[in-house]
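I have placed the structure first, in the form of structure tokens, so that the comments after it can refer back to it.
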Amino acid sequence: MSKESFTSAEFYKYLKNEKFMGTCCNECQEVYLPPRPICIKCSSFDMSWTELSGKGKLVSFTSITVGPSFMSEAGFDRKNPYCVGIVALKEGPQVSGQILGVNSKEPETIKIGIPLSLKIMEHGQGNNKKTWLGFNKEE
Amino acid sequence: MSKESFTSAEFYKYLKNEKFMGTCCNECQEVYLPPRPICIKCSSFDMSWTELSGKGKLVSFTSITVGPSFMSEAGFDRKNPYCVGIVALKEGPQVSGQILGVNSKEPETIKIGIPLSLKIMEHGQGNNKKTWLGFNKEE
Amino acid sequence: MSKGKKLGREVAIVGSGMSKFGVFPEMTTRDLFVEAYKDMTHSVDKGFDPEDIEATYISNFSSDIFEGQCHTAPIMADWVGQIPKPATRIENACASGGITLRQGLIAIASGVCDVVLVGGTEKMTNLPTENVTDALAAAGDTLYEVNCGLTFPGLYATMATAHMHKYGTKPESLMRVGIKNHENGALNPKGQFNVSIAALMKSKQEKALNKGTPVPEWEDELAFMKDNAANPVIAWPLRLFDCSPVSDGAGCILLAAGEIARNFTDNPIYIIGTGQGSDHALPERKDLTSLTAVKVAAKQAYEMADVTPDEIDIAEVHDCFTIAEILAIEDLGFFPAGKGPKAIDEGLTRRDGSKPVNASGGLKSKGHPIGASGIGQVVEIWNQLRGEAGPRQVQNVRVGLTHNVGTTGGSGVVHIYERRN
Amino acid sequence: MSKGKKLGREVAIVGSGMSKFGVFPEMTTRDLFVEAYKDMTHSVDKGFDPEDIEATYISNFSSDIFEGQCHTAPIMADWVGQIPKPATRIENACASGGITLRQGLIAIASGVCDVVLVGGTEKMTNLPTENVTDALAAAGDTLYEVNCGLTFPGLYATMATAHMHKYGTKPESLMRVGIKNHENGALNPKGQFNVSIAALMKSKQEKALNKGTPVPEWEDELAFMKDNAANPVIAWPLRLFDCSPVSDGAGCILLAAGEIARNFTDNPIYIIGTGQGSDHALPERKDLTSLTAVKVAAKQAYEMADVTPDEIDIAEVHDCFTIAEILAIEDLGFFPAGKGPKAIDEGLTRRDGSKPVNASGGLKSKGHPIGASGIGQVVEIWNQLRGEAGPRQVQNVRVGLTHNVGTTGGSGVVHIYERRN
Ligand SMILES: [Zn+2]
Ligand SMILES: [Zn+2]
């Protein structure tokens with residue numbers, strides 16, 4: 001069995017190096033993001049890291065006018081809302097992420113099902129640096 | 001039954017006006033500080049505010065070298081420790097408070113049982129202003 | 001919990017009370033809880049001796065964050081004279097109240113206690129709004145769910161969008177949930193908002209008239225709800241009036257073993273079913289239009305109580321957002337999946353409808369002091385089943401249900417109650 | 001809880017595990033809990049199906065403050081594959097672990113569950129020390145107890161001063177608690193400090209020698225403990241080595257109803273007594289040399305188990321500070337009030353003494369990840385009663401006890417365990 005650690009620290013370290021990683025069960029091949037250390041399908045502890053394509057589809061979304069502090073600091077507000085959505089990745093897992101390339105001011109125009117691809121988002125400096133998942137609308 | 005509110009907000013409002021108040025059960029006359037809204041001796045809800053003398057005796061104490069942030073900000077540290085103790089008030093209740101007029105650097109010299117009298121302590125400004133109980137060693 | 005499991009002993013509610021819910025700058029969690037406790041003592045028909053209580057269970061979301069105070073349960077127990085008896089705090093985000101009731105129930109069923117005090121308390125309004133938004137986000141998965149900027153309104157908004165996409169649900173149905181709950185809440189003096197949307201519209205017009213500013217005109221309540229100035233978007237499609245408020249408040253319940261319940265009142269309310277479930281964070285769920293944790297909890301509760309959804313006469317459900325009430329009435333089996341909006345549109349969940357939901361005004365109008373919300377629901381069902389709900393009393397109710405949700409359905413807890421008089 | 005109350009059903013521990021306790025900058029509460037869960041699975045002699053687990057109870061002090069994460073229980077349950085079953089978080093400051101075990105026990109006794117997972121987890125070390133001091137103060141009464149600058153070491157220090165004043169207790173007895181616990185802890189590979197005070201002295205001397213700085217000399221361990229440079233005062237009379245460390249860690253227990261326990265192992269450990277109590281904040285207590293909450297809890301547990309303090313073969317007690325261990329062995333009735341220090345001085349609580357206490361190293365040496373500490377105690381008693389404690393195994397132990405305290409005794413919880421093989 002692998003001695004690797006399947007932690008958020010590892011996930012974000014990979015992400016810093018532009019690697020978008022999930023975990024995969026070596027028993028039943030189920031792929032997970034968040035990177036699960038235990039397979040919830042077959043209960044195996046035998047997992048591996050696996051790189052994900054970052055390609056997916058929009059499952060649902062919202063356009064937020066009143067965000068958390070770090071999004072306000074990043075310049076979003078009532079007049080400049082941001083879109084966040086649930087994205088179904090090609091490999092199976094679903095994740096949340098900021099959705100880019102859509103018209104957040106006219107959310108009625110945003111279509112569920114549009115194809116998306118990963119764009120790693122960052123804000124702030126040093127210890128206050130935040131990294132999160134973004135997805136670009138694919139043309 | 002009284003419609004007064006026996007809250008910490010009221011207690012600290014009184015304290016700001018240099019009034020040191022506890023509550024008293026109108027049924028069994030037990031005196032409380034913290035100001036209890038329900039008598040835990042006889043279960044009565046019928047309480048009144050009552051002014052306390054601020055006189056008491058030292059029940060136990062310590063001299064602290066590593067304090068919370070607000071005490072560090074107030075200038076206390078390893079080289080300048082502060083004394084805190086439990087004080088039995090003349091009217092019965094026991095409270096914690098900073099003990100002044102004792103040698104915090106030589107805690108062995110501090111004697112349990114010494115008579116004390118209230119000195120209201122303050123630190124900081126505006127919304128960050130903190131008020132707490134201090135007791136002077138009586139000569 | 002496997003099918004057909006029963007509690008070791010029967011448990012009944014013999015007293016129930018709450019503080020006013022609202023904004024109380026000078027009150028702390030303990031002050032609010034004392035108010036709820038006192039209110040509860042007046043509700044116990046034959047009175048009780050505080051010595052009878054053997055344990056206290058306290059629901060509190062995060063006085064840690066809101067007040068810098070942990071170890072909440074013994075402090076609450078102390079303030080109502082319950083030292084040195086056991087006092088235990090439960091935290092499951094917004095489902096804390098229902099899950100705390102469940103622990104009190106289980107404590108009696110286990111034989112360890114005969115009489116248990118169950119309380120919930122939360123003090124939220126002293127933090128600035130942006131800090132409250134951050135504090136609430138702490139209930140989501142901060143590593144993988146909300147760190148991309150999803151707020152709680154945002155999370156529920158994605159469920160609303162999914163429901164709209166799958167079933168053709170219209171924002172108007174969401175708005176009608178808010179209109180109904182404010183109408184009910186206008187009759188609830190303990191609630192945060194004591195005002196119907198119609199009355200609110202009138203008062204806004206009067207204010208403008210008095211100030212000499214342009215008087216807003218709305219054709220009807222829906223028009224008001226669609227007005228971006230009166231009802232701005234928070235997280236599309238959710239607007240301000242789709243969201244429950246930030247609140248202070250507390251609730252308190254006295255539980256007793258079935259065999260001694262009539263020592264306290266001739267009209268105890270029996271808890272005949274309990275269920276609890278959990279779920280992954282929202283993104284991982286394959287269906288965003290239904291809460292698995294609630295379905296699991298409801299199944300357990302219905303089976304234990306041996307009643308069907310049709311037999312529920314009245315329910316208090318977790319309407320932290322209007323979409324949540326629609327999911328609730330579908331997940332609880334009151335209406336088929338996707339048919340919740342139609343039921344709302346037809347008024348079936350109004351106080352005079354076939355399935356009255358949130359007669360209290362719900363979290364939307366009554367307020368949502370997180371740790372107290374689930375307890376407040378029980379207080380309403382107690383009042384309704386005993387026929388003591390005053391002007392908002394629903395007629396002919398014998399079996400009631402409460403539905404309390406944590407986060408976006410990360411926790412779900414359902415209880416079923418019965419009047420036997 | 002009145003005298004002679006019994007649980008509705010018998011409950012046994014059938015598995016037990018823990019993460020390493022220590023400082024793990026890259027691990028979160030959930031990572032630590034997963035490590036403890038995996039360790040637990042290996043301890044179940046006949047194995048188990050995760051499907052058998054019907055509910056999860058999680059002890060956690062304040063991931064709210066430490067990680068900005070609430071709703072901790074469903075997240076832990078999710079990470080070990082327990083969705084959609086109930087998951088409930090308990091918070092009672094440092095007594096969270098013991099009280100969570102008690103809720104798991106009660107859930108089985110109630111008939112609602114047959115198999116329950118009980119976990120505890122805390123991630124503390126990513127906050128700077130001064131913030132940890134502030135976070136811990138949040139467990140005290142922030143309105144009336146700690147707001148005058150009392151820290152947790154300070155609160156326990158006032159108890160030490162009171163004990164010294166009343167009974168003539170000397171600081172040397174406190175120091176001997178630390179020396180003993182480090183000696184035990186040196187044999188515990190899961191502990192934070194794997195080193196006796198004697199070995200620590202030697203390593204400090206070697207380091208100085210290697211660096212070329214003056215080599216410190218101490219006559220014996222007590223001399224080291226009295227050295228202000230090596231062991232500075234934190235809150236007089238308590239010094240650094242009187243205080244448990246700031247730690248990360250998790251523990252995990254598998255509980256089963258008595259009648260099915262042997263499906264999991266031929267050597268289950270039965271929980272034969274449970275008790276819990278609460279108390280006012282420290283200043284209001286008329287006696288500062290004894291914890292009422294513990295006395296109340298111990299009385300309940302002894303009565304339920306029908307054993308006397310003399311019949312306890314081994315105990316893990318809550319030594320968050322050395323004075324706490326002295327109060328513990330007096331309050332539990334192992335030694336008369338005021339005679340704790342003498343028992344320590346005579347070595348009676350060493351592993352080879354008549355009443356072995358904290359064979360694991362205690363919180364002092366093993367570490368004190370708050371929500372996990374009370375669970376870690378249970379893990380040690382499980383190992384000891386089953387004869388699986390390795391080099392620190394105490395001989396001939398059949399009945400064990402755990403003693404877990406929240407704040408300065410605001411919560412107290414005691415459990416008694418029995419091996420029947
Ligand atoms: Zn698998
Ligand atoms: Zn009285």
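As shown in the structure tokens, the chain order sets the letters A, B, ...; within each chain, residues go from 1, and ligands are also counted from 1 in the order they appear.
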>> Could you pull out the strand (DSSP E) residues of range 11-135 of chain A, going by DSSP on the backbone, and write them as a count of residues only?
In response: 52
>> Using only C-alpha atoms and all ligand atoms, which residues of the polymer chains come no farther than 7 Å from ligand 2? I'd like the answer as JSON, numbers by chain.
In response: {"B": [25, 26, 27, 28, 29, 30, 39, 40, 41, 42, 43, 44]}
Chain fit of chain A to chain B, all Cα atoms, as a compact mmCIF listing (two decimals) with C-alpha atoms, in the first residue's frame:
# COMPACT_ATOMS: atom_id res chain seq x y z
CA MET A 1 -41.17 40.59 39.57
CA SER A 2 -38.51 42.95 38.30
CA LYS A 3 -38.34 43.74 34.58
CA GLU A 4 -34.69 44.72 34.83
CA SER A 5 -32.14 42.82 32.80
CA PHE A 6 -29.36 41.09 34.69
CA THR A 7 -26.85 40.92 31.87
CA SER A 8 -23.13 41.44 31.45
CA ALA A 9 -23.96 44.53 29.37
CA GLU A 10 -25.66 46.07 32.42
CA PHE A 11 -22.85 45.00 34.74
CA TYR A 12 -20.18 46.62 32.57
CA LYS A 13 -22.34 49.73 32.06
CA TYR A 14 -22.52 50.13 35.83
CA LEU A 15 -18.78 49.49 36.06
CA LYS A 16 -18.10 52.22 33.50
CA ASN A 17 -19.91 54.55 35.89
CA GLU A 18 -17.73 53.26 38.74
CA LYS A 19 -20.56 51.28 40.24
CA PHE A 20 -19.58 47.74 41.27
CA MET A 21 -22.85 45.82 41.16
CA GLY A 22 -23.97 42.28 41.84
CA THR A 23 -27.43 40.81 42.01
CA CYS A 24 -29.40 39.80 45.07
CA CYS A 25 -32.20 37.27 45.31
CA ASN A 26 -35.33 38.92 46.67
CA GLU A 27 -36.49 35.57 48.06
CA CYS A 28 -33.45 34.23 49.90
CA GLN A 29 -31.13 37.30 49.89
CA GLU A 30 -28.21 35.41 48.31
CA VAL A 31 -25.81 37.84 46.61
CA TYR A 32 -24.22 37.01 43.25
CA LEU A 33 -21.34 38.19 41.16
CA PRO A 34 -21.37 37.37 38.21
CA PRO A 35 -24.81 39.00 38.37
CA ARG A 36 -27.09 35.98 38.09
CA PRO A 37 -30.58 36.47 36.63
CA ILE A 38 -31.85 33.31 38.36
CA CYS A 39 -31.08 32.42 41.97
CA ILE A 40 -29.24 29.10 41.96
CA LYS A 41 -29.91 28.62 45.65
CA CYS A 42 -33.73 28.86 45.67
CA SER A 43 -34.55 28.95 41.90
CA SER A 44 -36.29 32.32 42.17
CA PHE A 45 -36.42 34.64 39.16
CA ASP A 46 -36.98 37.63 41.44
CA MET A 47 -33.64 39.43 41.59
CA SER A 48 -32.40 42.99 42.17
CA TRP A 49 -29.16 44.79 41.46
CA THR A 50 -27.18 45.51 44.59
CA GLU A 51 -24.04 47.60 45.02
CA LEU A 52 -20.98 45.84 46.38
CA SER A 53 -18.35 47.41 48.60
CA GLY A 54 -15.40 46.19 46.52
CA LYS A 55 -13.74 45.04 49.75
CA GLY A 56 -12.47 41.49 50.01
CA LYS A 57 -9.69 39.05 50.74
CA LEU A 58 -7.26 37.16 48.54
CA VAL A 59 -8.25 33.48 48.27
CA SER A 60 -5.62 32.35 45.80
CA PHE A 61 -3.37 33.85 43.14
CA THR A 62 -0.76 33.40 40.45
CA SER A 63 1.87 35.54 38.81
CA ILE A 64 1.65 35.30 35.02
CA THR A 65 4.66 35.68 32.72
CA VAL A 66 2.93 34.63 29.48
CA GLY A 67 -0.39 36.46 29.17
CA PRO A 68 -3.14 36.91 26.60
CA SER A 69 -2.63 39.45 23.78
CA PHE A 70 -4.26 42.35 25.61
CA MET A 71 -1.98 41.93 28.61
CA SER A 72 1.10 41.71 26.37
CA GLU A 73 -0.08 44.93 24.73
CA ALA A 74 -0.45 46.45 28.18
CA GLY A 75 3.26 45.81 28.73
CA PHE A 76 3.36 42.58 30.73
CA ASP A 77 5.81 39.81 29.90
CA ARG A 78 8.42 37.43 31.37
CA LYS A 79 10.37 40.28 32.87
CA ASN A 80 7.29 42.10 34.05
CA PRO A 81 4.74 39.51 35.22
CA TYR A 82 1.34 40.44 36.61
CA CYS A 83 -0.54 38.97 39.54
CA VAL A 84 -4.09 37.68 39.17
CA GLY A 85 -6.10 36.16 41.93
CA ILE A 86 -9.41 34.94 43.24
CA VAL A 87 -10.97 37.42 45.63
CA ALA A 88 -13.67 36.65 48.20
CA LEU A 89 -15.81 39.78 48.48
CA LYS A 90 -17.14 40.90 51.83
CA GLU A 91 -20.70 40.28 50.58
CA GLY A 92 -19.95 36.63 49.75
CA PRO A 93 -19.28 36.23 46.03
CA GLN A 94 -15.83 35.30 44.76
CA VAL A 95 -14.42 36.88 41.62
CA SER A 96 -11.20 36.88 39.65
CA GLY A 97 -9.21 40.06 39.23
CA GLN A 98 -5.80 41.54 38.73
CA ILE A 99 -4.02 42.02 42.06
CA LEU A 100 -2.14 45.29 42.45
CA GLY A 101 0.32 46.48 45.06
CA VAL A 102 1.98 43.08 45.46
CA ASN A 103 5.39 42.00 44.20
CA SER A 104 4.55 39.92 41.12
CA LYS A 105 8.23 39.23 40.53
CA GLU A 106 8.48 37.50 43.90
CA PRO A 107 5.20 35.61 44.16
CA GLU A 108 6.49 33.71 47.22
CA THR A 109 6.05 36.97 49.13
CA ILE A 110 2.33 37.27 48.30
CA LYS A 111 0.12 36.12 51.15
CA ILE A 112 -3.28 34.48 50.82
CA GLY A 113 -5.78 36.29 53.04
CA ILE A 114 -4.54 39.85 52.51
CA PRO A 115 -7.30 42.50 52.44
CA LEU A 116 -8.07 44.03 49.05
CA SER A 117 -10.19 46.79 47.61
CA LEU A 118 -11.52 47.28 44.09
CA LYS A 119 -9.76 49.28 41.43
CA ILE A 120 -11.44 49.28 38.01
CA MET A 121 -8.89 48.57 35.27
CA GLU A 122 -8.99 49.80 31.70
CA HIS A 123 -6.84 49.36 28.63
CA GLY A 124 -7.17 50.47 25.02
CA GLN A 125 -9.33 53.00 23.25
CA GLY A 126 -12.78 53.22 21.71
CA ASN A 127 -14.21 49.89 20.57
CA ASN A 128 -11.05 48.11 21.66
CA LYS A 129 -11.32 49.45 25.20
CA LYS A 130 -11.28 46.64 27.73
CA THR A 131 -12.48 46.99 31.30
CA TRP A 132 -11.72 44.46 34.02
CA LEU A 133 -11.56 44.09 37.76
CA GLY A 134 -8.44 44.95 39.67
CA PHE A 135 -7.89 44.88 43.43
CA ASN A 136 -5.42 46.95 45.41
CA LYS A 137 -3.70 45.51 48.42
CA GLU A 138 -5.01 47.52 51.38
CA GLU A 139 -2.40 48.96 53.65
>> Give me, as a list in words, the residues of chain C touching chain A, with the criterion being at most 8 Å (counting only C-alpha atoms).
In response: Glu130, Asn131, Thr133, Asp134, Leu143, Tyr144, Glu145, Val146, Asn147, Cys148, Gly149, Leu150, Thr151, Gly154, Leu155, Ala157, Thr158, Met159, Thr161, Ala162, His165, Val233, Ile234, Ala235, Trp236, Pro237, Pro283, Glu284 and Arg285 of chain C
> With only C-alpha atoms as the atoms that count, which of D:Asn194, D:Asn60, D:Gln377, D:Thr142 lies nearest to chain C?
Replying inline: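 The shortest atom-to-atom distance to chain C comes from D:Thr142.
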> Rounded to one decimal in Å, what is the spacing between CA of Cys320 in chain C and CA of Thr125 in chain C?
Replying inline: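 Separation between CA of Cys320 in chain C and CA of Thr125 in chain C: 16.4 Å.
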> Counting only C-alpha atoms, which residues of chain C come no farther than 8 Å from chain D, as an NGL selection string?
Replying inline: :C and (1 or 5-9 or 54-55 or 61-62 or 64-65 or 68-75 or 78 or 83-93 or 99 or 103 or 106-113 or 135 or 138-142 or 276-280 or 292-293 or 296 or 406-407 or 410-411)
> Please, what distance in Å, to one decimal, runs between CA of Gly47 in chain C and CA of Ala12 in chain C?
Replying inline: 15.4 Å
>> Just want the 9 Å neighbourhood of Phe241 in chain D, counted on only C-alpha atoms, with same-chain residues fewer than 4 positions away dropped. Output as a ChimeraX atom specification.
In response: /D:175,178-179,225,231-232,245,321-322,364
May I have the residues from that selection written out with N, CA and C atoms, as a short mmCIF file (atom, residue, chain, number, x, y, z; two decimals), in the first residue's frame?
data_model
loop_
_atom_site.label_atom_id
_atom_site.label_comp_id
_atom_site.auth_asym_id
_atom_site.auth_seq_id
_atom_site.Cartn_x
_atom_site.Cartn_y
_atom_site.Cartn_z
N MET D 175 6.58 18.75 40.12
CA MET D 175 7.67 18.40 39.20
C MET D 175 7.77 16.89 39.03
N GLY D 178 5.53 15.53 36.38
CA GLY D 178 6.10 15.71 35.04
C GLY D 178 7.20 14.69 34.75
N ILE D 179 8.07 14.47 35.73
CA ILE D 179 9.17 13.52 35.54
C ILE D 179 8.62 12.11 35.27
N MET D 225 14.35 20.70 36.81
CA MET D 225 13.00 21.27 36.86
C MET D 225 12.98 22.61 37.58
N ASN D 231 13.62 25.58 32.63
CA ASN D 231 12.21 25.34 32.92
C ASN D 231 11.57 26.62 33.46
N PRO D 232 11.36 27.61 32.59
CA PRO D 232 10.90 28.92 33.05
C PRO D 232 9.47 28.89 33.61
N PRO D 245 1.67 20.27 26.20
CA PRO D 245 2.02 21.07 25.02
C PRO D 245 0.81 21.38 24.14
N PHE D 321 -2.18 20.09 33.34
CA PHE D 321 -1.11 20.69 34.14
C PHE D 321 -0.81 19.69 35.26
N THR D 322 0.40 19.73 35.77
CA THR D 322 0.78 18.73 36.78
C THR D 322 -0.15 18.78 37.99
N LYS D 364 0.70 15.46 29.35
CA LYS D 364 1.98 16.15 29.50
C LYS D 364 3.01 15.69 28.46
#
> Which residues in range 315-402 of chain C does DSSP call helix (DSSP H, G or I)? List them as a ChimeraX atom specification.
Replying inline: /C:322-331,340-345,362-366,370-385,390-392
Next, write the just-selected residues to a file, as a compact mmCIF listing (two decimals), in the first residue's frame, keeping N, CA, C and O atoms as the atom set.
# COMPACT_ATOMS: atom_id res chain seq x y z
N THR C 322 -35.45 30.33 0.41
CA THR C 322 -36.76 29.89 -0.07
C THR C 322 -36.65 28.57 -0.84
O THR C 322 -37.52 27.70 -0.70
N ILE C 323 -35.56 28.39 -1.61
CA ILE C 323 -35.40 27.14 -2.35
C ILE C 323 -35.34 25.96 -1.39
O ILE C 323 -35.80 24.85 -1.72
N ALA C 324 -34.80 26.18 -0.19
CA ALA C 324 -34.69 25.09 0.78
C ALA C 324 -36.06 24.56 1.19
O ALA C 324 -36.24 23.37 1.42
N GLU C 325 -37.05 25.46 1.25
CA GLU C 325 -38.40 25.00 1.62
C GLU C 325 -38.99 24.14 0.50
O GLU C 325 -39.69 23.16 0.76
N ILE C 326 -38.68 24.51 -0.73
CA ILE C 326 -39.17 23.70 -1.86
C ILE C 326 -38.53 22.31 -1.85
O ILE C 326 -39.21 21.28 -1.98
N LEU C 327 -37.21 22.26 -1.64
CA LEU C 327 -36.55 20.95 -1.55
C LEU C 327 -37.13 20.16 -0.38
O LEU C 327 -37.34 18.95 -0.47
N ALA C 328 -37.40 20.86 0.74
CA ALA C 328 -37.89 20.18 1.94
C ALA C 328 -39.22 19.48 1.68
O ALA C 328 -39.37 18.29 2.01
N ILE C 329 -40.16 20.18 1.10
CA ILE C 329 -41.50 19.59 0.95
C ILE C 329 -41.48 18.46 -0.08
O ILE C 329 -42.35 17.59 -0.06
N GLU C 330 -40.46 18.47 -0.96
CA GLU C 330 -40.31 17.33 -1.89
C GLU C 330 -39.59 16.17 -1.19
O GLU C 330 -40.02 15.02 -1.24
N ASP C 331 -38.47 16.46 -0.52
CA ASP C 331 -37.68 15.41 0.13
C ASP C 331 -38.45 14.72 1.25
O ASP C 331 -38.23 13.55 1.55
N GLY C 340 -42.91 20.59 -5.93
CA GLY C 340 -42.97 21.55 -4.82
C GLY C 340 -43.44 22.92 -5.25
O GLY C 340 -44.34 23.50 -4.63
N PRO C 341 -42.85 23.46 -6.33
CA PRO C 341 -43.25 24.81 -6.75
C PRO C 341 -44.75 24.91 -7.06
O PRO C 341 -45.40 25.90 -6.70
N LYS C 342 -45.30 23.88 -7.70
CA LYS C 342 -46.73 23.90 -8.02
C LYS C 342 -47.56 23.95 -6.72
O LYS C 342 -48.54 24.69 -6.63
N ALA C 343 -47.15 23.16 -5.74
CA ALA C 343 -47.85 23.14 -4.46
C ALA C 343 -47.82 24.53 -3.81
O ALA C 343 -48.83 25.00 -3.25
N ILE C 344 -46.66 25.17 -3.89
CA ILE C 344 -46.53 26.53 -3.35
C ILE C 344 -47.46 27.48 -4.11
O ILE C 344 -48.22 28.24 -3.51
N ASP C 345 -47.38 27.41 -5.45
CA ASP C 345 -48.18 28.31 -6.29
C ASP C 345 -49.67 28.16 -5.99
O ASP C 345 -50.43 29.13 -6.03
N GLY C 362 -41.44 30.51 9.76
CA GLY C 362 -40.20 29.86 9.30
C GLY C 362 -38.98 30.68 9.67
O GLY C 362 -39.07 31.75 10.28
N LEU C 363 -37.82 30.18 9.28
CA LEU C 363 -36.58 30.91 9.56
C LEU C 363 -36.60 32.25 8.83
O LEU C 363 -36.05 33.24 9.30
N LYS C 364 -37.26 32.27 7.68
CA LYS C 364 -37.32 33.48 6.85
C LYS C 364 -37.86 34.67 7.61
O LYS C 364 -37.28 35.75 7.57
N SER C 365 -38.97 34.46 8.32
CA SER C 365 -39.61 35.59 8.99
C SER C 365 -39.36 35.59 10.50
O SER C 365 -39.16 36.63 11.11
N LYS C 366 -39.33 34.38 11.08
CA LYS C 366 -39.14 34.28 12.53
C LYS C 366 -37.71 34.60 12.91
O LYS C 366 -37.41 35.06 14.00
N ILE C 370 -28.69 30.56 14.47
CA ILE C 370 -28.42 29.21 13.99
C ILE C 370 -28.66 28.11 15.02
O ILE C 370 -29.43 27.20 14.78
N GLY C 371 -27.98 28.19 16.16
CA GLY C 371 -28.12 27.11 17.15
C GLY C 371 -29.51 27.00 17.73
O GLY C 371 -29.89 25.96 18.27
N ALA C 372 -30.30 28.07 17.65
CA ALA C 372 -31.64 28.07 18.23
C ALA C 372 -32.73 27.71 17.23
O ALA C 372 -33.85 27.37 17.61
N SER C 373 -32.40 27.78 15.93
CA SER C 373 -33.44 27.64 14.90
C SER C 373 -34.18 26.31 14.99
O SER C 373 -35.40 26.25 14.92
N GLY C 374 -33.41 25.23 15.13
CA GLY C 374 -34.02 23.89 15.20
C GLY C 374 -34.86 23.71 16.44
O GLY C 374 -35.84 22.95 16.44
N ILE C 375 -34.51 24.40 17.51
CA ILE C 375 -35.30 24.34 18.75
C ILE C 375 -36.58 25.16 18.58
O ILE C 375 -37.66 24.75 19.00
N GLY C 376 -36.45 26.30 17.93
CA GLY C 376 -37.63 27.14 17.68
C GLY C 376 -38.69 26.40 16.89
O GLY C 376 -39.89 26.57 17.13
N GLN C 377 -38.26 25.54 15.97
CA GLN C 377 -39.23 24.74 15.20
C GLN C 377 -40.04 23.83 16.13
O GLN C 377 -41.25 23.67 15.96
N VAL C 378 -39.35 23.24 17.11
CA VAL C 378 -40.03 22.33 18.05
C VAL C 378 -41.03 23.11 18.90
O VAL C 378 -42.13 22.63 19.18
N VAL C 379 -40.63 24.33 19.30
CA VAL C 379 -41.51 25.17 20.10
C VAL C 379 -42.82 25.42 19.33
O VAL C 379 -43.92 25.32 19.89
N GLU C 380 -42.71 25.70 18.03
CA GLU C 380 -43.91 25.95 17.22
C GLU C 380 -44.80 24.71 17.14
O GLU C 380 -46.02 24.81 17.31
N ILE C 381 -44.19 23.56 16.90
CA ILE C 381 -44.98 22.34 16.78
C ILE C 381 -45.67 22.02 18.11
O ILE C 381 -46.84 21.61 18.15
N TRP C 382 -44.97 22.21 19.21
CA TRP C 382 -45.56 22.04 20.55
C TRP C 382 -46.79 22.93 20.70
O TRP C 382 -47.87 22.48 21.07
N ASN C 383 -46.65 24.21 20.35
CA ASN C 383 -47.77 25.14 20.48
C ASN C 383 -48.92 24.77 19.56
O ASN C 383 -50.08 24.77 19.97
N GLN C 384 -48.59 24.41 18.33
CA GLN C 384 -49.63 24.07 17.36
C GLN C 384 -50.37 22.80 17.78
O GLN C 384 -51.61 22.77 17.77
N LEU C 385 -49.63 21.75 18.15
CA LEU C 385 -50.29 20.48 18.48
C LEU C 385 -51.12 20.61 19.75
O LEU C 385 -52.11 19.90 19.94
N GLY C 390 -52.31 30.60 19.13
CA GLY C 390 -52.94 31.91 19.01
C GLY C 390 -53.48 32.17 17.61
O GLY C 390 -54.03 31.27 16.98
N PRO C 391 -53.32 33.41 17.12
CA PRO C 391 -53.93 33.79 15.82
C PRO C 391 -53.40 32.98 14.65
O PRO C 391 -54.03 32.95 13.60
N ARG C 392 -52.25 32.31 14.78
CA ARG C 392 -51.74 31.54 13.65
C ARG C 392 -52.02 30.04 13.81
O ARG C 392 -51.50 29.21 13.07
>> Between CA of Thr349 in chain D and CA of Glu418 in chain D, what is the distance in Å, rounded to a tenth?
In response: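 Separating CA of Thr349 in chain D from CA of Glu418 in chain D is a distance of 19.8 Å.
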